[in-house]
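One structure is given here, and the rest of the page talks about it.
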Amino acid sequence: MSYSKSYKTLRFARELTLGTHDSSFEELPSYLYMIRRANPGTVARLQIDESRRFNYMFIAFGASIAGFHYMRRVVVVDGTFLHGSYKGTLLTALAHDGNFQIFSLAFGVVDTENDESWRWFFYATQSYYS
């Protein structure tokens with residue numbers, strides 16, 4: 001079997017078992033709903049544009065929101081590029097606990113890293129951690 005034939009077979013098998021990227025984006029609202037149900041106090045927001053395409057997503061787990069009051073008062077934010085069929089940027093907000101361990105506060109996935117997406121992420125984070 002050639003490499004290209006085995007690669008196409010692998011891709012086909014993955015699509016059968018895991019679904020396509022498009023179907024995963026269609027299931028995102030129900031996934032966020034289940035995260036909120038399974039984790040009390042969790043905040044999950046999804047923003048789509050007028051043509052129903054993905055714009056922004058924000059997740060702050062209830063345990064992170066409750067634990068923030070015990071963290072050192074330095075918050076670090078960073079963004080990293082996502083690779084794959086759908087590009088994007090993962091934004092994170094982190095803090096240090098009393099033992100200088102990393103404590104995740106919030107996650108955001110945005111379409112592109114620019115001032116508007118950072119402003120949206122900071123506003124969403126600030127509204128739950130103030």
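Ordering of the structure tokens sets the chain letters (A, B, ...), residue numbers begin anew at 1 in every chain, and ligands are numbered from 1 in the order given.
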Near segment 47-53 of chain A, within 12 Å and counting only C-alpha atoms, which residues show up once chain neighbours fewer than 5 positions away are dropped, as a PDB file with C-alpha atoms, in the first residue's frame?
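The new file around.pdb reads:
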ATOM      1  CA  ASP A  22     -17.230  21.419  10.324  1.00  0.00           C
ATOM      2  CA  PHE A  25     -17.927  23.510  15.142  1.00  0.00           C
ATOM      3  CA  GLU A  26     -21.644  22.780  14.828  1.00  0.00           C
ATOM      4  CA  LEU A  28     -19.649  23.640  19.995  1.00  0.00           C
ATOM      5  CA  PRO A  29     -22.734  25.275  21.623  1.00  0.00           C
ATOM      6  CA  LEU A  32     -20.154  24.499  26.103  1.00  0.00           C
ATOM      7  CA  PHE A  58     -14.377  32.115  26.327  1.00  0.00           C
ATOM      8  CA  ILE A  59     -14.184  29.560  29.159  1.00  0.00           C
ATOM      9  CA  TYR A  86      -8.927  26.348  10.955  1.00  0.00           C
ATOM     10  CA  GLY A 108     -10.233  32.072  24.959  1.00  0.00           C
ATOM     11  CA  VAL A 109     -10.126  31.071  21.324  1.00  0.00           C
ATOM     12  CA  VAL A 110     -10.314  33.929  18.849  1.00  0.00           C
ATOM     13  CA  ASP A 111     -10.222  34.085  15.074  1.00  0.00           C
ATOM     14  CA  SER A 117     -10.028  40.165  20.193  1.00  0.00           C
ATOM     15  CA  TRP A 120     -13.070  41.100  24.094  1.00  0.00           C
ATOM     16  CA  PHE A 121     -11.023  38.573  26.084  1.00  0.00           C
ATOM     17  CA  ALA A 124     -14.926  38.758  29.470  1.00  0.00           C
TER      18      ALA A 124
END
request  = as a count of residues only, list the residues of chain A assigned to strand (DSSP E) by DSSP on the backbone atoms of this structure.
outcome  = 39
task = Have a look at A:Ile35, A:Leu90, A:Ala95, A:Val74 and name the one nearest to Phe61 of chain A; count only C-alpha atoms.
result =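 For Phe61 of chain A, the nearest of the candidates is A:Ile35.
Nearest to Gln126 of chain A of all the residues A:Leu82, A:Thr20, A:His96, A:Ile65 is A:Ile65, counting only C-alpha atoms.
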request  = Point out the residue among A:Thr89, A:Ser64, A:Asn39, A:Leu94 with the least atom-to-atom distance to Asn114 of chain A, counting only C-alpha atoms.
outcome  =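 Nearest candidate to Asn114 of chain A out of A:Thr89, A:Ser64, A:Asn39, A:Leu94: A:Thr89.
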key: Within 9 Å of Gly41 of chain A using only C-alpha atoms, minus same-chain residues under 5 positions, as a list of chain:residue names   =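 Near Gly41 of chain A, the qualifying residues are A:Arg36, A:Ala60, A:Phe61, A:Gly62, A:Ala63, A:Ile65, A:Ala66.
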message = Among segment 12-105 of chain A, which ones does DSSP assign to alpha helix (DSSP H) (computed from the backbone)? Answer as an MDAnalysis selection string.
response = chainID A and resid 12:18 21:26 28:38 62:67
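Using only C-alpha atoms, the shortest contact distance between Lys87 of chain A and any of A:Phe54, A:Tyr129, A:Tyr33, A:Phe12 is found at A:Phe54.
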